[in-house]
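*Asks:* Take a look at this one; I'll ask things after.
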Amino acid sequence: MDSRYSSRKYRIEREVLDEQGLEELAQRKPYADTQPSVISQLKDSMRCTVPKLKHGVLSTFPVLYWLPKYSVWDYGMPDLISGISVGIMHLPQGMAYALLASLPPVFGLYTSLYPALIYFFFGTSRHISIGTFAVLSIMVGSVTERLAPDIDFLKLNGTNVTTEVDVAARDSYRVQVAAATTLLGGLIQVVLGLVKFGFVGTYLSEPLVRAYTTAAAVHAVVAQLKYIFGVSPARFNGPLSLVYTLKDVCRLLPQTHLPTLVVSVVSMVLLIAAKELNSFLSPRLPVPIPVELITIMASTLTSNYGHLNRNYTIPVVGEIPSGLRSPIVPDVGIFSEIIGDAFALALVAYAISISLGKTFALKHGYKVDNNQELVALGLSNTVGGFFQCYAVCASMSRSLIQESTGGKTQMAGIASAIIVLVTILKLGPLFQELPKAVLASIVFVNLKGMFKQYSDIVFLWRSNKTDLVLWLVTWVSTLLLNLDLGLAAAIMFALLTVIFRTQRPTYSVLGNVEGSELYVDIETHKEAREIPGITIFRSSATVYFANAELYLEAVKEKSGLDINKMIFYKKRQEAKEKRRQKREERQEKRQAKRENPADQTPVFSVEKEAKCWRDTSVARKGTENDEENWTDRENGTVFVKPTTPDGQCRWEYLKGGDPDSTSLGWMSEQMDGDALGSSSDDTLSRDLERISLGSLGKWTWDIHSIILDLSTANFIDTVAIKTMKNIFQDFSEINIDIYLAGCQASVVQQLELGHFFSESITKRHLFASVHDAVLYCLHHRGYESSIDMDSNTKL
């Protein structure tokens with residue numbers, strides 16, 4: 001024991017608490033709560049009370065919580081201005097993103113209307129704008145074009161098949177596919193929300209979502225190239241479809257329709273310039289300039305009076321029916337073909353919406369319910385599916401406008417829906433001459449923010465390499481495997497990174513910070529000092545089946561004990577001892593028949609000869625100090641006394657030692673079973689080859705206790721429980737005590753269910769904290785040390 005510790009005396013000002021002591025303390029409390037039975041809990045859950053009913057209604061319909069308190073004077077005008085601004089943005093984005101979904105533009109307007117009304121009643125965020133979004137639009141477009149390709153709708157000219165596509169029939173079926181996909185995705189979201197599965201969005205980390213949306217932006221750009229250049233590339237599906245489509249577009253570039261390209265370039269230049277001007281003037285403007293709406297109106301007027309479609313064959317939007325459509329049931333027969341796409345839509349839409357909702361909630365000081373948001377988004381998609389809408393989520397650009405223009409509640413969403421409704425009922429036919437190239441240009445320019453996310457690569461390279469790899473894998477898999485398979489591959493890789501991080505945690509040995517009860521890593525905190533005789537071991541991750549074996553090896557490594565070799569040596573020596581005893585018995589019988597038994601080399605054990613040798617030495621020296629210098633060897637020490645030519649006796653010990661001694665002595669690792677007790681001096685000399693005990697690592701006198709800090713563990717499985725049992729069993733073989741510290745209540749319960757405790761491993765081996773375990777170890781081993789709770793007393 002270190003003299004700095006053994007010479008000090010401390011006092012304990014509180015009881016050392018182990019797990020059993022904590023239970024006994026809780027039982028002594030007269031006010032201790034009793035655990036209700038399962039039947040009582042079931043009765044309480046089924047009992048209907050007025051507070052419970054009120055809470056259930058308000059949680060299902062959050063609008064009933066804030067609408068009665070709504071102040072028209074305080075919130076009315078800001079919500080109206082914000083709603084008009086967002087509604088104006090809905091018009092161009094709705095029509096433009098409908099092209100991404102391979103649907104007629106009017107269905108983008110429907111999508112901007114119905115879901116926003118449903119979210120008003122069920123949503124908990126006050127600032128997000130529900131409607132069309134570029135990423136979801138391109139995901140829906142991949143489904144509609146896969147199930148309704150142009151080749152399936154070629155017109156028949158008599159008995160011959162022409163290359164002309166029946167656009168009306170194709171678009172009608174694509175609307176059914178999009179509505180069915182949206183309905184199924186909405187149902188998935190509702191079910192997940194009702195079973196409290198809102199945490200599923202946490203598996204879509206921010207690097208994953210940003211990489212996915214960045215790759216989806218590339219898909220959106222490639223999908224709009226045909227409108228920009230006025231070409232008609234073939235449609236490809238499945239993995240590498242993006243590469244094949246881009247290759248086909250490049251092949252058709254010599255056939256570019258120049259009037260369409262001119263319209264596209266002019267529109268993009270004007271949009272970029274106007275948006276930059278808008279950003280420059282935004283601090284001085286109460287409401288942003290509706291750049292997209294002005295562009296649509298100007299291009300529509302130019303196309304209408306310039307007859308661009310008739311004179312230059314520039315494709316235009318075409319007929320936009322006015323009025324609302326009656327709800328119809330989507331085609332549920334194709335659910336089996338779109339289940340994977342619907343699940344991907346449900347996850348991506350929820351991840352984007354909840355991330356935006358939490359951002360605004362944190363900024364403005366209110367709470368967003370994960371599960372209720374999942375239900376609200378699911379109902380918006382489910383109801384929208386019956387009205388021929390396609391999948392929706394929160395839009396980043398529109399949500400920022402709604403928040404920055406002063407929007408306070410979802411009344412702004414109602415105002416924007418009214419703007420869209422008026423357009424559908426009265427103003428829709430005015431946009432029939434709008435060139436599709438202008439809508440494609442709007443998509444291009446609006447994707448600029450997503451392309452800025454490539455700067456994440458530089459940031460992640462400097463901050464976190466694992467997140468960088470996740471970002472790159474998500475981006476590459478989404479580009480090459482398409483949006484659905486790419487998302488699945490990204491999620492699987494993200495889970496693998498979690499497993500890798502928990503399987504390869506950081507293992508550390510803790511030391512005490514002088515004058516406190518803190519125990520920190522001695523490698524990173526130089527002021528921390530390891531407690532002599534005690535090793536405190538901690539893993540940065542919970543212990544479970546994936547890292548249980550690594551945990552066991554790390555404990556052995558950090559403790560400095562080659563436990564396998566030491567146990568093997570101990571068992572080997574025990575077997576030799578048994579063989580030696582049998583050999584002694586045989587020798588005694590032979591010696592009785594021999595005339596001169598003194599020629600044999602005597603072999604003794606410590607139990608027979610050590611006391612006599614000590615008494616003789618003390619009598620010869622004649623001093624008490626010499627007697628005190630004798631130290632009994634522990635762990636069944638075996639002594640061998642060979643005969644030497646000069647008559648001197650030299651003792652060698654094979655195991656055991658003085659706890660206070662720094663010398664480890666010598667032992668023989670090479671001895672076979674016949675060496676002990678042999679009468680041959682040559683054989684004995686050869687077998688007693690000296691090997692330092694230091695080659696086996698620390699021996700029992702260097703450490704006497706190991707404390708496993710499990711404060712980082714939030715669960716423990718059966719494999720980990722068996723590993724803990726093995727640790728207790730292995731180290732007890734060499735007389736080292738094992739203790740657990742900092743276990744959470746759930747972990748203790750799992751230990752009980754896993755039959756971890758026994759007669760040899762009791763709850764006295766569990767302590768509330770590392771500090772309590774250290775106190776117990778010091779006193780259990782008989783050291784006169786403790787830790788004062790005063791800050792002036794140091795450990």
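In the structure tokens, each chain is lettered A, B, ... as it comes, each chain's residues begin at 1, and ligands are numbered from 1 in order of appearance.
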Which neighbours of segment 223-234 of chain A fall inside 10 Å, counting only C-alpha atoms, when residues of the same chain fewer than 2 positions from it are skipped, and could you give them as number ranges by chain?

*Replies:* A: 99-102, 138, 141-142, 149-151, 217-221, 236, 242, 244-265, 313-315, 435-441, 443-444

*Asks:* Which residue is closest to Trp475 of chain A? Choose from A:Ala215, A:Leu64, A:Met450, A:Leu550 and count only C-alpha atoms.

*Replies:*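 When distances to Trp475 of chain A are compared using only C-alpha atoms, the smallest one comes from A:Ala215.
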
*Asks:* Considering only C-alpha atoms, return as an MDAnalysis selection string whatever protein or nucleic-acid residues lie within 9 Å of Tyr739 of chain A, sequence-local ones (same chain, fewer than 2 positions apart) excluded.

*Replies:* chainID A and resid 705:709 728 737 741 764:767 773 777

*Asks:* Export, as an mmCIF file, in the first residue's frame, the selected residues with all heavy atoms.

*Replies:*
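For reference, part.cif as written:
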```
data_model
loop_
_atom_site.group_PDB
_atom_site.id
_atom_site.type_symbol
_atom_site.label_atom_id
_atom_site.label_comp_id
_atom_site.auth_asym_id
_atom_site.auth_seq_id
_atom_site.Cartn_x
_atom_site.Cartn_y
_atom_site.Cartn_z
ATOM 1 N N SER A 705 -8.815 -5.419 -5.389
ATOM 2 C CA SER A 705 -10.222 -5.202 -5.728
ATOM 3 C C SER A 705 -10.326 -4.527 -7.090
ATOM 4 O O SER A 705 -9.483 -3.698 -7.454
ATOM 5 C CB SER A 705 -10.921 -4.327 -4.678
ATOM 6 O OG SER A 705 -10.805 -4.901 -3.392
ATOM 7 N N ILE A 706 -11.367 -4.897 -7.827
ATOM 8 C CA ILE A 706 -11.698 -4.253 -9.095
ATOM 9 C C ILE A 706 -13.140 -3.781 -9.013
ATOM 10 O O ILE A 706 -14.042 -4.554 -8.682
ATOM 11 C CB ILE A 706 -11.524 -5.211 -10.289
ATOM 12 C CG1 ILE A 706 -10.061 -5.622 -10.437
ATOM 13 C CG2 ILE A 706 -12.027 -4.571 -11.575
ATOM 14 C CD1 ILE A 706 -9.824 -6.603 -11.568
ATOM 15 N N ILE A 707 -13.360 -2.502 -9.303
ATOM 16 C CA ILE A 707 -14.696 -1.903 -9.288
ATOM 17 C C ILE A 707 -15.104 -1.629 -10.734
ATOM 18 O O ILE A 707 -14.400 -0.919 -11.462
ATOM 19 C CB ILE A 707 -14.715 -0.605 -8.471
ATOM 20 C CG1 ILE A 707 -14.299 -0.885 -7.032
ATOM 21 C CG2 ILE A 707 -16.096 0.037 -8.512
ATOM 22 C CD1 ILE A 707 -14.119 0.369 -6.195
ATOM 23 N N LEU A 708 -16.217 -2.193 -11.141
ATOM 24 C CA LEU A 708 -16.746 -1.987 -12.489
ATOM 25 C C LEU A 708 -17.809 -0.896 -12.434
ATOM 26 O O LEU A 708 -18.884 -1.091 -11.837
ATOM 27 C CB LEU A 708 -17.341 -3.285 -13.043
ATOM 28 C CG LEU A 708 -16.406 -4.498 -13.064
ATOM 29 C CD1 LEU A 708 -17.139 -5.710 -13.623
ATOM 30 C CD2 LEU A 708 -15.150 -4.204 -13.870
ATOM 31 N N ASP A 709 -17.509 0.245 -13.006
ATOM 32 C CA ASP A 709 -18.449 1.360 -13.030
ATOM 33 C C ASP A 709 -19.445 1.150 -14.179
ATOM 34 O O ASP A 709 -19.098 1.250 -15.358
ATOM 35 C CB ASP A 709 -17.688 2.677 -13.222
ATOM 36 C CG ASP A 709 -18.609 3.886 -13.202
ATOM 37 O OD1 ASP A 709 -19.808 3.719 -12.904
ATOM 38 O OD2 ASP A 709 -18.134 5.009 -13.509
ATOM 39 N N PHE A 728 -16.514 -12.316 -12.207
ATOM 40 C CA PHE A 728 -16.487 -12.629 -10.774
ATOM 41 C C PHE A 728 -15.771 -13.948 -10.525
ATOM 42 O O PHE A 728 -14.956 -14.066 -9.610
ATOM 43 C CB PHE A 728 -17.919 -12.687 -10.234
ATOM 44 C CG PHE A 728 -18.472 -11.368 -9.798
ATOM 45 C CD1 PHE A 728 -19.013 -10.484 -10.714
ATOM 46 C CD2 PHE A 728 -18.446 -11.000 -8.463
ATOM 47 C CE1 PHE A 728 -19.523 -9.269 -10.320
ATOM 48 C CE2 PHE A 728 -18.954 -9.788 -8.046
ATOM 49 C CZ PHE A 728 -19.488 -8.911 -8.982
ATOM 50 N N ASP A 737 -11.358 -9.308 -5.437
ATOM 51 C CA ASP A 737 -12.782 -9.033 -5.264
ATOM 52 C C ASP A 737 -13.283 -8.142 -6.394
ATOM 53 O O ASP A 737 -12.599 -7.198 -6.805
ATOM 54 C CB ASP A 737 -13.031 -8.350 -3.921
ATOM 55 C CG ASP A 737 -12.628 -9.240 -2.752
ATOM 56 O OD1 ASP A 737 -12.770 -10.464 -2.887
ATOM 57 O OD2 ASP A 737 -12.160 -8.693 -1.727
ATOM 58 N N ALA A 741 -20.705 -0.784 -9.484
ATOM 59 C CA ALA A 741 -21.071 0.525 -8.935
ATOM 60 C C ALA A 741 -21.879 1.312 -9.954
ATOM 61 O O ALA A 741 -21.674 1.186 -11.165
ATOM 62 C CB ALA A 741 -19.821 1.316 -8.542
ATOM 63 N N ARG A 764 -24.574 -7.179 -1.875
ATOM 64 C CA ARG A 764 -23.516 -6.463 -1.167
ATOM 65 C C ARG A 764 -22.362 -6.126 -2.104
ATOM 66 O O ARG A 764 -21.475 -5.359 -1.738
ATOM 67 C CB ARG A 764 -23.002 -7.312 -0.001
ATOM 68 C CG ARG A 764 -24.002 -7.484 1.136
ATOM 69 C CD ARG A 764 -24.313 -6.160 1.808
ATOM 70 N NE ARG A 764 -25.206 -6.315 2.941
ATOM 71 C CZ ARG A 764 -25.702 -5.301 3.638
ATOM 72 N NH1 ARG A 764 -25.396 -4.062 3.295
ATOM 73 N NH2 ARG A 764 -26.510 -5.522 4.653
ATOM 74 N N HIS A 765 -22.364 -6.725 -3.289
ATOM 75 C CA HIS A 765 -21.339 -6.413 -4.288
ATOM 76 C C HIS A 765 -21.754 -5.249 -5.193
ATOM 77 O O HIS A 765 -20.991 -4.875 -6.076
ATOM 78 C CB HIS A 765 -21.046 -7.637 -5.157
ATOM 79 C CG HIS A 765 -20.339 -8.738 -4.434
ATOM 80 N ND1 HIS A 765 -20.986 -9.678 -3.663
ATOM 81 C CD2 HIS A 765 -19.015 -9.043 -4.354
ATOM 82 C CE1 HIS A 765 -20.106 -10.531 -3.161
ATOM 83 N NE2 HIS A 765 -18.899 -10.171 -3.550
ATOM 84 N N LEU A 766 -22.949 -4.730 -4.987
ATOM 85 C CA LEU A 766 -23.434 -3.591 -5.768
ATOM 86 C C LEU A 766 -23.455 -2.356 -4.894
ATOM 87 O O LEU A 766 -23.976 -2.396 -3.758
ATOM 88 C CB LEU A 766 -24.842 -3.845 -6.321
ATOM 89 C CG LEU A 766 -24.960 -4.546 -7.677
ATOM 90 C CD1 LEU A 766 -24.490 -5.982 -7.569
ATOM 91 C CD2 LEU A 766 -26.386 -4.503 -8.183
ATOM 92 N N PHE A 767 -22.932 -1.237 -5.417
ATOM 93 C CA PHE A 767 -22.871 -0.007 -4.640
ATOM 94 C C PHE A 767 -23.506 1.133 -5.419
ATOM 95 O O PHE A 767 -23.507 1.142 -6.656
ATOM 96 C CB PHE A 767 -21.418 0.330 -4.278
ATOM 97 C CG PHE A 767 -20.822 -0.612 -3.282
ATOM 98 C CD1 PHE A 767 -20.200 -1.778 -3.704
ATOM 99 C CD2 PHE A 767 -20.915 -0.357 -1.926
ATOM 100 C CE1 PHE A 767 -19.657 -2.660 -2.796
ATOM 101 C CE2 PHE A 767 -20.372 -1.238 -1.002
ATOM 102 C CZ PHE A 767 -19.751 -2.398 -1.433
ATOM 103 N N ALA A 773 -18.152 2.203 -3.203
ATOM 104 C CA ALA A 773 -17.412 0.967 -3.430
ATOM 105 C C ALA A 773 -15.964 1.095 -2.982
ATOM 106 O O ALA A 773 -15.391 0.160 -2.399
ATOM 107 C CB ALA A 773 -17.479 0.594 -4.921
ATOM 108 N N CYS A 777 -14.082 -1.172 -0.133
ATOM 109 C CA CYS A 777 -12.881 -1.951 -0.457
ATOM 110 C C CYS A 777 -11.749 -1.661 0.520
ATOM 111 O O CYS A 777 -11.056 -2.578 0.982
ATOM 112 C CB CYS A 777 -12.434 -1.649 -1.888
ATOM 113 S SG CYS A 777 -13.530 -2.267 -3.167
#
```

*Asks:* Counting only C-alpha atoms, figure out which residue out of A:Asn564, A:Ser241, A:Ser539, A:Thr409 gets nearest to Leu481 of chain A.

*Replies:*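 Checking each candidate against Leu481 of chain A, we get A:Ser241 as the closest.
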
*Asks:* Taking the DSSP secondary structure from the backbone, can you list the residues of segment 82-279 of chain A that are helix (DSSP H, G or I), as a PDB file with C-alpha atoms, in the first residue's frame?

*Replies:*
```pdb
ATOM      1  CA  SER A  82     -47.762  35.691 -43.100  1.00  0.00           C
ATOM      2  CA  GLY A  83     -50.530  33.554 -44.591  1.00  0.00           C
ATOM      3  CA  ILE A  84     -50.819  35.700 -47.714  1.00  0.00           C
ATOM      4  CA  SER A  85     -47.049  35.566 -48.225  1.00  0.00           C
ATOM      5  CA  VAL A  86     -46.964  31.799 -47.860  1.00  0.00           C
ATOM      6  CA  GLY A  87     -50.066  31.357 -50.019  1.00  0.00           C
ATOM      7  CA  ILE A  88     -48.436  33.302 -52.853  1.00  0.00           C
ATOM      8  CA  MET A  89     -45.429  30.954 -52.608  1.00  0.00           C
ATOM      9  CA  HIS A  90     -47.736  27.918 -52.663  1.00  0.00           C
ATOM     10  CA  LEU A  91     -48.956  28.732 -56.170  1.00  0.00           C
ATOM     11  CA  PRO A  92     -45.716  28.529 -58.157  1.00  0.00           C
ATOM     12  CA  GLN A  93     -44.189  25.831 -55.967  1.00  0.00           C
ATOM     13  CA  GLY A  94     -47.301  23.683 -56.102  1.00  0.00           C
ATOM     14  CA  MET A  95     -47.434  23.750 -59.905  1.00  0.00           C
ATOM     15  CA  ALA A  96     -43.669  23.390 -60.308  1.00  0.00           C
ATOM     16  CA  TYR A  97     -43.290  20.487 -57.877  1.00  0.00           C
ATOM     17  CA  ALA A  98     -46.204  18.696 -59.545  1.00  0.00           C
ATOM     18  CA  LEU A  99     -43.926  18.325 -62.555  1.00  0.00           C
ATOM     19  CA  LEU A 100     -41.391  16.604 -60.287  1.00  0.00           C
ATOM     20  CA  VAL A 106     -53.304  21.502 -60.831  1.00  0.00           C
ATOM     21  CA  PHE A 107     -52.711  18.531 -58.515  1.00  0.00           C
ATOM     22  CA  GLY A 108     -49.885  20.477 -56.920  1.00  0.00           C
ATOM     23  CA  LEU A 109     -52.464  23.117 -56.027  1.00  0.00           C
ATOM     24  CA  TYR A 110     -54.754  20.465 -54.531  1.00  0.00           C
ATOM     25  CA  THR A 111     -51.807  19.231 -52.486  1.00  0.00           C
ATOM     26  CA  TYR A 114     -56.287  19.960 -48.230  1.00  0.00           C
ATOM     27  CA  PRO A 115     -53.318  18.788 -46.121  1.00  0.00           C
ATOM     28  CA  ALA A 116     -52.800  22.292 -44.702  1.00  0.00           C
ATOM     29  CA  LEU A 117     -56.420  22.331 -43.494  1.00  0.00           C
ATOM     30  CA  ILE A 118     -56.085  18.927 -41.805  1.00  0.00           C
ATOM     31  CA  TYR A 119     -52.811  19.873 -40.107  1.00  0.00           C
ATOM     32  CA  PHE A 120     -54.511  22.960 -38.657  1.00  0.00           C
ATOM     33  CA  PHE A 121     -56.628  20.726 -36.390  1.00  0.00           C
ATOM     34  CA  PHE A 122     -54.090  18.046 -35.432  1.00  0.00           C
ATOM     35  CA  ALA A 134     -39.158  18.939 -53.757  1.00  0.00           C
ATOM     36  CA  VAL A 135     -37.742  15.756 -52.217  1.00  0.00           C
ATOM     37  CA  LEU A 136     -41.126  14.115 -51.683  1.00  0.00           C
ATOM     38  CA  SER A 137     -42.250  15.209 -55.129  1.00  0.00           C
ATOM     39  CA  ILE A 138     -39.332  13.487 -56.820  1.00  0.00           C
ATOM     40  CA  MET A 139     -39.943  10.382 -54.670  1.00  0.00           C
ATOM     41  CA  VAL A 140     -43.575  10.290 -55.794  1.00  0.00           C
ATOM     42  CA  GLY A 141     -42.441  10.893 -59.378  1.00  0.00           C
ATOM     43  CA  SER A 142     -40.206   7.821 -59.256  1.00  0.00           C
ATOM     44  CA  VAL A 143     -43.225   5.721 -58.270  1.00  0.00           C
ATOM     45  CA  THR A 144     -45.655   7.166 -60.822  1.00  0.00           C
ATOM     46  CA  GLU A 145     -43.237   6.820 -63.735  1.00  0.00           C
ATOM     47  CA  ARG A 146     -42.288   3.293 -62.695  1.00  0.00           C
ATOM     48  CA  LEU A 147     -45.874   2.055 -62.540  1.00  0.00           C
ATOM     49  CA  ASP A 150     -45.165   6.275 -71.322  1.00  0.00           C
ATOM     50  CA  ILE A 151     -44.702   3.026 -73.195  1.00  0.00           C
ATOM     51  CA  ASP A 152     -47.859   1.610 -71.612  1.00  0.00           C
ATOM     52  CA  PHE A 153     -50.006   4.415 -73.007  1.00  0.00           C
ATOM     53  CA  VAL A 167     -51.386  11.840 -72.181  1.00  0.00           C
ATOM     54  CA  ALA A 168     -54.867  12.020 -70.659  1.00  0.00           C
ATOM     55  CA  ALA A 169     -54.984   8.285 -69.839  1.00  0.00           C
ATOM     56  CA  ARG A 170     -51.413   8.286 -68.595  1.00  0.00           C
ATOM     57  CA  ASP A 171     -51.900  11.274 -66.280  1.00  0.00           C
ATOM     58  CA  SER A 172     -55.167   9.854 -64.964  1.00  0.00           C
ATOM     59  CA  TYR A 173     -53.485   6.606 -63.921  1.00  0.00           C
ATOM     60  CA  ARG A 174     -50.478   8.426 -62.490  1.00  0.00           C
ATOM     61  CA  VAL A 175     -52.810  10.453 -60.288  1.00  0.00           C
ATOM     62  CA  GLN A 176     -54.291   7.210 -58.978  1.00  0.00           C
ATOM     63  CA  VAL A 177     -50.815   5.818 -58.259  1.00  0.00           C
ATOM     64  CA  ALA A 178     -49.741   8.998 -56.466  1.00  0.00           C
ATOM     65  CA  ALA A 179     -52.945   9.102 -54.404  1.00  0.00           C
ATOM     66  CA  ALA A 180     -52.617   5.433 -53.420  1.00  0.00           C
ATOM     67  CA  THR A 181     -48.978   5.917 -52.416  1.00  0.00           C
ATOM     68  CA  THR A 182     -49.904   8.978 -50.369  1.00  0.00           C
ATOM     69  CA  LEU A 183     -52.804   7.176 -48.667  1.00  0.00           C
ATOM     70  CA  LEU A 184     -50.657   4.179 -47.709  1.00  0.00           C
ATOM     71  CA  GLY A 185     -47.836   6.416 -46.489  1.00  0.00           C
ATOM     72  CA  GLY A 186     -50.315   8.387 -44.389  1.00  0.00           C
ATOM     73  CA  LEU A 187     -51.761   5.243 -42.838  1.00  0.00           C
ATOM     74  CA  ILE A 188     -48.259   4.089 -41.921  1.00  0.00           C
ATOM     75  CA  GLN A 189     -47.588   7.423 -40.216  1.00  0.00           C
ATOM     76  CA  VAL A 190     -50.887   7.301 -38.292  1.00  0.00           C
ATOM     77  CA  VAL A 191     -50.240   3.768 -37.051  1.00  0.00           C
ATOM     78  CA  LEU A 192     -46.690   4.638 -35.996  1.00  0.00           C
ATOM     79  CA  GLY A 193     -47.971   7.697 -34.164  1.00  0.00           C
ATOM     80  CA  LEU A 194     -50.716   5.798 -32.333  1.00  0.00           C
ATOM     81  CA  GLY A 198     -42.411   8.836 -32.912  1.00  0.00           C
ATOM     82  CA  PHE A 199     -38.828   8.186 -31.875  1.00  0.00           C
ATOM     83  CA  VAL A 200     -38.312   6.397 -35.216  1.00  0.00           C
ATOM     84  CA  GLY A 201     -37.343   9.767 -36.627  1.00  0.00           C
ATOM     85  CA  THR A 202     -34.289   9.810 -34.387  1.00  0.00           C
ATOM     86  CA  TYR A 203     -32.734   7.062 -36.506  1.00  0.00           C
ATOM     87  CA  GLU A 206     -29.136  15.160 -39.342  1.00  0.00           C
ATOM     88  CA  PRO A 207     -26.149  14.130 -41.529  1.00  0.00           C
ATOM     89  CA  LEU A 208     -28.272  11.371 -43.050  1.00  0.00           C
ATOM     90  CA  VAL A 209     -31.239  13.642 -43.791  1.00  0.00           C
ATOM     91  CA  ARG A 210     -29.088  16.425 -45.215  1.00  0.00           C
ATOM     92  CA  ALA A 211     -27.137  14.009 -47.425  1.00  0.00           C
ATOM     93  CA  TYR A 212     -30.365  12.377 -48.563  1.00  0.00           C
ATOM     94  CA  THR A 213     -32.006  15.684 -49.479  1.00  0.00           C
ATOM     95  CA  THR A 214     -28.831  16.785 -51.265  1.00  0.00           C
ATOM     96  CA  ALA A 215     -28.835  13.622 -53.379  1.00  0.00           C
ATOM     97  CA  ALA A 216     -32.576  13.980 -53.957  1.00  0.00           C
ATOM     98  CA  ALA A 217     -31.914  17.484 -55.255  1.00  0.00           C
ATOM     99  CA  VAL A 218     -29.630  15.934 -57.878  1.00  0.00           C
ATOM    100  CA  HIS A 219     -32.466  13.597 -58.879  1.00  0.00           C
ATOM    101  CA  ALA A 220     -34.788  16.596 -59.123  1.00  0.00           C
ATOM    102  CA  VAL A 221     -32.365  18.514 -61.340  1.00  0.00           C
ATOM    103  CA  VAL A 222     -31.876  15.561 -63.686  1.00  0.00           C
ATOM    104  CA  ALA A 223     -35.645  15.072 -63.859  1.00  0.00           C
ATOM    105  CA  GLN A 224     -36.115  18.693 -64.965  1.00  0.00           C
ATOM    106  CA  LEU A 225     -33.441  18.657 -67.673  1.00  0.00           C
ATOM    107  CA  LYS A 226     -35.959  17.462 -70.258  1.00  0.00           C
ATOM    108  CA  TYR A 227     -38.051  20.583 -69.641  1.00  0.00           C
ATOM    109  CA  ILE A 228     -35.020  22.858 -69.672  1.00  0.00           C
ATOM    110  CA  PHE A 229     -33.612  21.565 -72.992  1.00  0.00           C
ATOM    111  CA  SER A 241     -31.391   4.984 -63.285  1.00  0.00           C
ATOM    112  CA  LEU A 242     -29.983   8.458 -62.616  1.00  0.00           C
ATOM    113  CA  VAL A 243     -26.792   7.608 -64.512  1.00  0.00           C
ATOM    114  CA  TYR A 244     -28.704   6.163 -67.443  1.00  0.00           C
ATOM    115  CA  THR A 245     -31.065   9.150 -67.595  1.00  0.00           C
ATOM    116  CA  LEU A 246     -28.204  11.636 -67.494  1.00  0.00           C
ATOM    117  CA  LYS A 247     -26.403   9.698 -70.195  1.00  0.00           C
ATOM    118  CA  ASP A 248     -29.500   9.734 -72.410  1.00  0.00           C
ATOM    119  CA  VAL A 249     -29.978  13.490 -71.875  1.00  0.00           C
ATOM    120  CA  CYS A 250     -26.384  14.099 -72.915  1.00  0.00           C
ATOM    121  CA  ARG A 251     -26.973  11.983 -76.009  1.00  0.00           C
ATOM    122  CA  LEU A 252     -29.985  14.148 -76.928  1.00  0.00           C
ATOM    123  CA  LEU A 253     -28.270  17.506 -76.352  1.00  0.00           C
ATOM    124  CA  PRO A 254     -27.695  18.050 -80.108  1.00  0.00           C
ATOM    125  CA  GLN A 255     -31.490  17.936 -80.446  1.00  0.00           C
ATOM    126  CA  LEU A 258     -33.512  26.351 -78.646  1.00  0.00           C
ATOM    127  CA  PRO A 259     -36.681  28.429 -77.902  1.00  0.00           C
ATOM    128  CA  THR A 260     -37.336  26.306 -74.811  1.00  0.00           C
ATOM    129  CA  LEU A 261     -33.699  26.644 -73.698  1.00  0.00           C
ATOM    130  CA  VAL A 262     -33.875  30.422 -74.137  1.00  0.00           C
ATOM    131  CA  VAL A 263     -36.996  30.646 -71.987  1.00  0.00           C
ATOM    132  CA  SER A 264     -35.332  28.496 -69.322  1.00  0.00           C
ATOM    133  CA  VAL A 265     -32.109  30.506 -69.217  1.00  0.00           C
ATOM    134  CA  VAL A 266     -33.902  33.852 -69.129  1.00  0.00           C
ATOM    135  CA  SER A 267     -36.214  32.653 -66.354  1.00  0.00           C
ATOM    136  CA  MET A 268     -33.318  31.338 -64.240  1.00  0.00           C
ATOM    137  CA  VAL A 269     -31.275  34.515 -64.671  1.00  0.00           C
ATOM    138  CA  LEU A 270     -34.217  36.702 -63.652  1.00  0.00           C
ATOM    139  CA  LEU A 271     -35.100  34.461 -60.711  1.00  0.00           C
ATOM    140  CA  ILE A 272     -31.532  34.394 -59.377  1.00  0.00           C
ATOM    141  CA  ALA A 273     -31.130  38.151 -59.733  1.00  0.00           C
ATOM    142  CA  ALA A 274     -34.492  38.851 -58.105  1.00  0.00           C
ATOM    143  CA  LYS A 275     -33.763  36.486 -55.210  1.00  0.00           C
ATOM    144  CA  GLU A 276     -30.391  38.082 -54.558  1.00  0.00           C
ATOM    145  CA  LEU A 277     -32.052  41.487 -54.555  1.00  0.00           C
ATOM    146  CA  ASN A 278     -34.703  40.136 -52.246  1.00  0.00           C
ATOM    147  CA  SER A 279     -32.046  38.882 -49.812  1.00  0.00           C
TER     148      SER A 279
END
```

*Asks:* Taking into account only C-alpha atoms, which residue in the set A:Val555, A:Ala548, A:Leu324, A:Ala745 is nearest to Lys426 of chain A?

*Replies:*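 Of the candidates, the smallest distance to Lys426 of chain A is held by A:Leu324.
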
*Asks:* Counting only C-alpha atoms, figure out which residue out of A:Glu433, A:Ile328, A:Ala546, A:Gln587 gets nearest to Leu496 of chain A.

*Replies:*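 Going through A:Glu433, A:Ile328, A:Ala546, A:Gln587 one by one, the smallest distance to Leu496 of chain A is for A:Ala546.
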